[in-house]
Amino acid sequence: MKSDVQPRILVIDDEPSIRSMLVQALEIGNFAVRDAEDGEQGLALLKEDRSIGVILTDLMMPRMNGMEVLEQAKQYDPDVEVIVLTGFGGHESAIEAMKKGAYDYLQKPTNVEELFLTVGKAIERRRLAQENRLYQENLERLVRDRTEELLETKNFLQSVLDSSLDYSIVALDLDGHITLFNRGSERLFGHTASEVEGKPATSFFKIDGGSDPSPFALEGALTQGTVQEHQRVVTRKDGEEITISISLVALCDQEGEEVGTLGISKDITEQIKLELELKKYTENLEQLVEERTKELEKRNAELETTLAELSDTQAQLVQSEKLASIGQLAAGVAHEINNPIGFVHSNLGTLGKYFSRIREVLDRLHQGALNGEQLPAEELEELWKKSRMDSILADLENIIAESLDGTKRVRTIVRDMKNFSNIDRAEIQPSDLEAGLESTLNIVWNEIKYNANVEREYSSIPAVTCNAQQINQVLLNLLMNAAQAIKEPPGNIIVRTREMGDGFVAIEIEDNGSGMDEKTKSRIFDPFYTTKAVGEGTGLGLSISYRIIKDHGGRIEVDSEVGKGTTFRLILPIEGPMVEATAD
């Protein structure tokens, strides 16, 4: 039954500006809309409001991401259509979401016309799916009723033959079609009677790799009263090969005319299984030993080659660790820039539409002035309301403020990226480490914000003579490790600076994550040692950080306790590594 009520659209996004833009656009398009700021709130609305038929959800959100929203929404309502929203570079995640049942994806910033078209198609698809399900349910009910009528007619005769479970009894007509298939046959061959009756036996039963048409094939003429006995290997429905002993007799009518064939079979697989297994084992044992010997020789050769290349690989992995940090950093920056650019772009599109409406009003007033006509107040009021000028003028201030805020966010990110990389001052010179620490925090914020809150305890330490680019790399590694150590967000990360006296300063990064035991803590600076899963780290980050701090004449101290967290403390000489080297 087709419903005349259009389903609601649920918008889920943790960015208020993007969520507000999508809601306003959909309402302008005459869609009924509800919105939620995260996945958990969105799923609660879905369960509360049965009229929700389409969900627009961001993929990257705190607590519950868009992929989890998709899976749980589909479990609750298989007919709900989910459209995922993805930022720059998120095509692979969007495609993965579609494989898991998403209807489509839209890239932020979202084109309004494309948004209307995609949502409209999703609503239509939901309607067709519901109609198709009702049709399938009616069809299945009709088939079930007819099948029950036929089974009632057949059950009595079948029950007589089903009393024998150890023997298969199969009857075929002169054309080789199965007319009888008792329960013993179902147990022996794996097919049900409903699957095979009325169909050619050759469609289900082959023997000896298909060289004969079926186990019921006769060898010569079969006269009434005679029996042919054979031992044949057949394939069950599940693909298992079994050996059967089969007796074939001719079926004749009252006039003695042959009308078919009757086969009575029994499974004798177990009787010959030990003999076949022993023969197979004897034949294959020598070959197995030879293959195993060749495999070991090949592995030994590969091991020697691997050992010869190990030193080169280690050097390459050091460089890979540096490139991995840069790549992960770039991905986070791209995500942080994409959001403000997205709503600025969207706001510009909205401003364009508002400008068109304002221009229509001004053109009408201008045309009236040129013609010397005084427009009636009623016409002016109608024109004003039709153009929705009150709503437009009220919204313009918010749009301009949001756009200015977005461009300011992009400018801040670019400035911090430049400070982090120290493009203009990569050599050793006095540097503001607190400013570098702040820039690094802003750059890696996309990696931290879903795991932890950051507390800053700066004490205005003096400038430190160092290679700021290398120190920023160390801070980046420690901040990312702190975020990854927090397994149950939201956690806490404290960033602290202080002057220690004797010409040294300290930077501390403290987390309340999983912590480390003494065995792990004793090895964290070893090259290639890592507690992360395969593919998530090379084990070089802390080793490289240790080398950088040591080259600066400083040291790294670690305090950690399992279940309570870890504190990394960087201690650096204010006057730089050259002074430290001279003192030594």
# chains A, B, ... in the order shown; residues from 1 in each chain; ligands from 1
$ select_by_dssp --residues "stretch 92-257 of chain A" --states "alpha helix (DSSP H)" --output "count of residues only"
69
$ select_by_dssp --residues "stretch 358-513 of chain A" --states "strand (DSSP E)" --output "PyMOL selection string"
chain A and resi 428-431+452-457+464-467+491-501+504-511
$ residues_around --residues "A:Ala171" --least-positions-apart "3" --cutoff "7 Å" --atoms "only C-alpha atoms" --output "JSON, numbers by chain"
{"A": [178, 179, 180, 181, 261, 262, 263]}
$ atom_distance --atom1 "atom CA of A:Ser460" --atom2 "atom CA of A:Leu433"
9.5 Å
$ atom_distance --atom1 "atom CA of A:Pro462" --atom2 "atom CA of A:Asp511"
24.9 Å
$ residues_around --residues "A:Glu40" --least-positions-apart "5" --cutoff "10 Å" --atoms "only C-alpha atoms" --output "PDB file with N, CA, C and O atoms, in the first residue's frame"
ATOM      1  N   ILE A  12      22.371  14.248  10.564  1.00  0.00           N
ATOM      2  CA  ILE A  12      23.270  14.014  11.700  1.00  0.00           C
ATOM      3  C   ILE A  12      24.648  14.562  11.337  1.00  0.00           C
ATOM      4  O   ILE A  12      25.284  14.076  10.401  1.00  0.00           O
ATOM      5  N   LEU A  45      16.461   9.341  17.882  1.00  0.00           N
ATOM      6  CA  LEU A  45      15.362   9.965  17.133  1.00  0.00           C
ATOM      7  C   LEU A  45      14.744   8.981  16.153  1.00  0.00           C
ATOM      8  O   LEU A  45      13.523   8.960  15.953  1.00  0.00           O
ATOM      9  N   LEU A  46      15.595   8.148  15.495  1.00  0.00           N
ATOM     10  CA  LEU A  46      15.077   7.169  14.541  1.00  0.00           C
ATOM     11  C   LEU A  46      14.124   6.197  15.231  1.00  0.00           C
ATOM     12  O   LEU A  46      13.069   5.849  14.686  1.00  0.00           O
ATOM     13  N   PRO A  62      32.440  12.348  16.616  1.00  0.00           N
ATOM     14  CA  PRO A  62      32.887  11.786  17.904  1.00  0.00           C
ATOM     15  C   PRO A  62      31.917  10.728  18.408  1.00  0.00           C
ATOM     16  O   PRO A  62      30.766  10.665  18.007  1.00  0.00           O
ATOM     17  N   ARG A  63      32.437   9.875  19.273  1.00  0.00           N
ATOM     18  CA  ARG A  63      31.690   8.808  19.957  1.00  0.00           C
ATOM     19  C   ARG A  63      31.172   7.733  19.023  1.00  0.00           C
ATOM     20  O   ARG A  63      31.472   6.574  19.195  1.00  0.00           O
ATOM     21  N   MET A  64      30.414   8.102  18.007  1.00  0.00           N
ATOM     22  CA  MET A  64      29.877   7.123  17.054  1.00  0.00           C
ATOM     23  C   MET A  64      30.027   7.699  15.652  1.00  0.00           C
ATOM     24  O   MET A  64      29.418   8.713  15.336  1.00  0.00           O
ATOM     25  N   ASN A  65      30.840   7.056  14.796  1.00  0.00           N
ATOM     26  CA  ASN A  65      31.045   7.592  13.456  1.00  0.00           C
ATOM     27  C   ASN A  65      29.899   7.206  12.527  1.00  0.00           C
ATOM     28  O   ASN A  65      29.004   6.436  12.893  1.00  0.00           O
ATOM     29  N   GLU A  68      29.120   3.443  11.851  1.00  0.00           N
ATOM     30  CA  GLU A  68      28.366   2.781  12.917  1.00  0.00           C
ATOM     31  C   GLU A  68      26.899   3.191  12.882  1.00  0.00           C
ATOM     32  O   GLU A  68      26.004   2.372  13.124  1.00  0.00           O
ATOM     33  N   VAL A  69      26.622   4.464  12.583  1.00  0.00           N
ATOM     34  CA  VAL A  69      25.225   4.913  12.443  1.00  0.00           C
ATOM     35  C   VAL A  69      24.542   4.125  11.333  1.00  0.00           C
ATOM     36  O   VAL A  69      23.401   3.658  11.488  1.00  0.00           O
TER      37      VAL A  69
END
$ residues_around --residues "A:Glu499" --least-positions-apart "6" --cutoff "10 Å" --atoms "only C-alpha atoms" --output "list in words"
Ser459, Ser460, Ile461, Pro462, Val505, Ala506, Ile507, Ile571, Leu572 and Ile574 of chain A
$ write_last_selection --atoms "N, CA and C atoms" --output "short mmCIF file (atom, residue, chain, number, x, y, z; two decimals), in the first residue's frame"
data_model
loop_
_atom_site.label_atom_id
_atom_site.label_comp_id
_atom_site.auth_asym_id
_atom_site.auth_seq_id
_atom_site.Cartn_x
_atom_site.Cartn_y
_atom_site.Cartn_z
N SER A 459 54.28 28.22 31.46
CA SER A 459 54.89 29.10 32.47
C SER A 459 55.81 30.14 31.83
N SER A 460 55.61 30.44 30.53
CA SER A 460 56.39 31.46 29.83
C SER A 460 57.88 31.19 29.93
N ILE A 461 58.29 30.01 29.48
CA ILE A 461 59.71 29.66 29.51
C ILE A 461 60.46 30.52 28.50
N PRO A 462 61.79 30.76 28.72
CA PRO A 462 62.56 31.57 27.78
C PRO A 462 62.77 30.85 26.45
N VAL A 505 65.14 23.86 30.51
CA VAL A 505 63.68 23.95 30.56
C VAL A 505 63.11 22.55 30.34
N ALA A 506 61.84 22.36 30.72
CA ALA A 506 61.18 21.06 30.55
C ALA A 506 59.83 21.26 29.88
N ILE A 507 59.50 20.34 28.99
CA ILE A 507 58.17 20.26 28.39
C ILE A 507 57.61 18.89 28.75
N ILE A 571 63.70 17.46 28.44
CA ILE A 571 64.56 18.41 29.16
C ILE A 571 65.63 18.91 28.19
N LEU A 572 65.63 20.24 27.93
CA LEU A 572 66.51 20.83 26.91
C LEU A 572 67.32 21.98 27.51
N ILE A 574 68.79 25.63 27.58
CA ILE A 574 68.31 26.89 26.99
C ILE A 574 69.28 27.42 25.94
#
$ residues_around --residues "A:Ala483" --least-positions-apart "5" --cutoff "9 Å" --atoms "only C-alpha atoms" --output "PDB file with all heavy atoms, in the first residue's frame"
ATOM      1  N   GLU A 447      43.554  14.654  15.184  1.00  0.00           N
ATOM      2  CA  GLU A 447      43.875  13.338  15.706  1.00  0.00           C
ATOM      3  C   GLU A 447      43.561  13.212  17.201  1.00  0.00           C
ATOM      4  O   GLU A 447      43.446  12.121  17.732  1.00  0.00           O
ATOM      5  CB  GLU A 447      45.377  13.045  15.489  1.00  0.00           C
ATOM      6  CG  GLU A 447      45.832  13.075  14.050  1.00  0.00           C
ATOM      7  CD  GLU A 447      45.222  11.959  13.226  1.00  0.00           C
ATOM      8  OE1 GLU A 447      44.968  10.882  13.798  1.00  0.00           O
ATOM      9  OE2 GLU A 447      44.989  12.166  12.027  1.00  0.00           O
ATOM     10  N   ILE A 448      43.441  14.377  17.894  1.00  0.00           N
ATOM     11  CA  ILE A 448      43.273  14.358  19.348  1.00  0.00           C
ATOM     12  C   ILE A 448      41.827  14.555  19.771  1.00  0.00           C
ATOM     13  O   ILE A 448      41.347  13.928  20.722  1.00  0.00           O
ATOM     14  CB  ILE A 448      44.160  15.463  19.993  1.00  0.00           C
ATOM     15  CG1 ILE A 448      45.648  15.157  19.738  1.00  0.00           C
ATOM     16  CG2 ILE A 448      43.900  15.584  21.484  1.00  0.00           C
ATOM     17  CD1 ILE A 448      46.578  16.222  20.280  1.00  0.00           C
ATOM     18  N   LYS A 449      41.082  15.412  19.066  1.00  0.00           N
ATOM     19  CA  LYS A 449      39.815  15.925  19.585  1.00  0.00           C
ATOM     20  C   LYS A 449      38.767  14.858  19.872  1.00  0.00           C
ATOM     21  O   LYS A 449      37.911  15.050  20.725  1.00  0.00           O
ATOM     22  CB  LYS A 449      39.249  16.964  18.629  1.00  0.00           C
ATOM     23  CG  LYS A 449      38.862  16.431  17.242  1.00  0.00           C
ATOM     24  CD  LYS A 449      38.334  17.558  16.369  1.00  0.00           C
ATOM     25  CE  LYS A 449      37.931  17.077  14.969  1.00  0.00           C
ATOM     26  NZ  LYS A 449      37.452  18.170  14.132  1.00  0.00           N
ATOM     27  N   TYR A 450      38.827  13.721  19.167  1.00  0.00           N
ATOM     28  CA  TYR A 450      37.842  12.680  19.425  1.00  0.00           C
ATOM     29  C   TYR A 450      38.255  11.775  20.587  1.00  0.00           C
ATOM     30  O   TYR A 450      37.468  10.955  21.049  1.00  0.00           O
ATOM     31  CB  TYR A 450      37.643  11.824  18.165  1.00  0.00           C
ATOM     32  CG  TYR A 450      37.081  12.598  17.005  1.00  0.00           C
ATOM     33  CD1 TYR A 450      37.751  12.626  15.779  1.00  0.00           C
ATOM     34  CD2 TYR A 450      35.895  13.320  17.131  1.00  0.00           C
ATOM     35  CE1 TYR A 450      37.233  13.360  14.709  1.00  0.00           C
ATOM     36  CE2 TYR A 450      35.383  14.054  16.068  1.00  0.00           C
ATOM     37  CZ  TYR A 450      36.056  14.062  14.859  1.00  0.00           C
ATOM     38  OH  TYR A 450      35.543  14.772  13.804  1.00  0.00           O
ATOM     39  N   ASN A 451      39.506  11.891  21.062  1.00  0.00           N
ATOM     40  CA  ASN A 451      39.997  11.025  22.120  1.00  0.00           C
ATOM     41  C   ASN A 451      40.169  11.726  23.467  1.00  0.00           C
ATOM     42  O   ASN A 451      40.008  11.098  24.507  1.00  0.00           O
ATOM     43  CB  ASN A 451      41.344  10.406  21.713  1.00  0.00           C
ATOM     44  CG  ASN A 451      41.169   9.204  20.813  1.00  0.00           C
ATOM     45  OD1 ASN A 451      40.136   9.041  20.198  1.00  0.00           O
ATOM     46  ND2 ASN A 451      42.165   8.358  20.742  1.00  0.00           N
ATOM     47  N   ALA A 452      40.523  13.040  23.436  1.00  0.00           N
ATOM     48  CA  ALA A 452      40.910  13.648  24.705  1.00  0.00           C
ATOM     49  C   ALA A 452      40.655  15.148  24.715  1.00  0.00           C
ATOM     50  O   ALA A 452      40.600  15.806  23.669  1.00  0.00           O
ATOM     51  CB  ALA A 452      42.398  13.381  24.966  1.00  0.00           C
ATOM     52  N   LEU A 478      54.902  12.631  20.342  1.00  0.00           N
ATOM     53  CA  LEU A 478      54.441  12.419  21.712  1.00  0.00           C
ATOM     54  C   LEU A 478      52.951  12.722  21.861  1.00  0.00           C
ATOM     55  O   LEU A 478      52.229  12.012  22.569  1.00  0.00           O
ATOM     56  CB  LEU A 478      55.255  13.291  22.673  1.00  0.00           C
ATOM     57  CG  LEU A 478      56.756  12.962  22.766  1.00  0.00           C
ATOM     58  CD1 LEU A 478      57.428  13.860  23.777  1.00  0.00           C
ATOM     59  CD2 LEU A 478      56.979  11.496  23.122  1.00  0.00           C
ATOM     60  N   GLY A 491      39.467  11.226  27.201  1.00  0.00           N
ATOM     61  CA  GLY A 491      40.485  11.243  28.225  1.00  0.00           C
ATOM     62  C   GLY A 491      41.012  12.654  28.423  1.00  0.00           C
ATOM     63  O   GLY A 491      40.424  13.641  27.957  1.00  0.00           O
ATOM     64  N   ASN A 492      42.146  12.763  29.101  1.00  0.00           N
ATOM     65  CA  ASN A 492      42.756  14.068  29.363  1.00  0.00           C
ATOM     66  C   ASN A 492      44.228  14.027  28.975  1.00  0.00           C
ATOM     67  O   ASN A 492      44.923  13.037  29.254  1.00  0.00           O
ATOM     68  CB  ASN A 492      42.640  14.446  30.847  1.00  0.00           C
ATOM     69  CG  ASN A 492      41.211  14.802  31.235  1.00  0.00           C
ATOM     70  OD1 ASN A 492      40.553  15.567  30.550  1.00  0.00           O
ATOM     71  ND2 ASN A 492      40.740  14.232  32.328  1.00  0.00           N
ATOM     72  N   ILE A 493      44.677  15.102  28.323  1.00  0.00           N
ATOM     73  CA  ILE A 493      46.090  15.299  28.021  1.00  0.00           C
ATOM     74  C   ILE A 493      46.486  16.659  28.597  1.00  0.00           C
ATOM     75  O   ILE A 493      45.827  17.670  28.311  1.00  0.00           O
ATOM     76  CB  ILE A 493      46.363  15.252  26.507  1.00  0.00           C
ATOM     77  CG1 ILE A 493      46.038  13.858  25.945  1.00  0.00           C
ATOM     78  CG2 ILE A 493      47.823  15.616  26.212  1.00  0.00           C
ATOM     79  CD1 ILE A 493      46.179  13.765  24.433  1.00  0.00           C
ATOM     80  N   ASP A 511      49.270  12.006  29.899  1.00  0.00           N
ATOM     81  CA  ASP A 511      47.953  11.475  29.531  1.00  0.00           C
ATOM     82  C   ASP A 511      47.468  10.515  30.601  1.00  0.00           C
ATOM     83  O   ASP A 511      48.250  10.024  31.416  1.00  0.00           O
ATOM     84  CB  ASP A 511      48.021  10.752  28.171  1.00  0.00           C
ATOM     85  CG  ASP A 511      48.874   9.490  28.202  1.00  0.00           C
ATOM     86  OD1 ASP A 511      48.432   8.473  28.804  1.00  0.00           O
ATOM     87  OD2 ASP A 511      49.979   9.517  27.657  1.00  0.00           O
ATOM     88  N   GLY A 513      45.983   7.618  29.834  1.00  0.00           N
ATOM     89  CA  GLY A 513      45.668   6.457  29.007  1.00  0.00           C
ATOM     90  C   GLY A 513      45.994   5.133  29.687  1.00  0.00           C
ATOM     91  O   GLY A 513      45.986   5.014  30.910  1.00  0.00           O
TER      92      GLY A 513
END
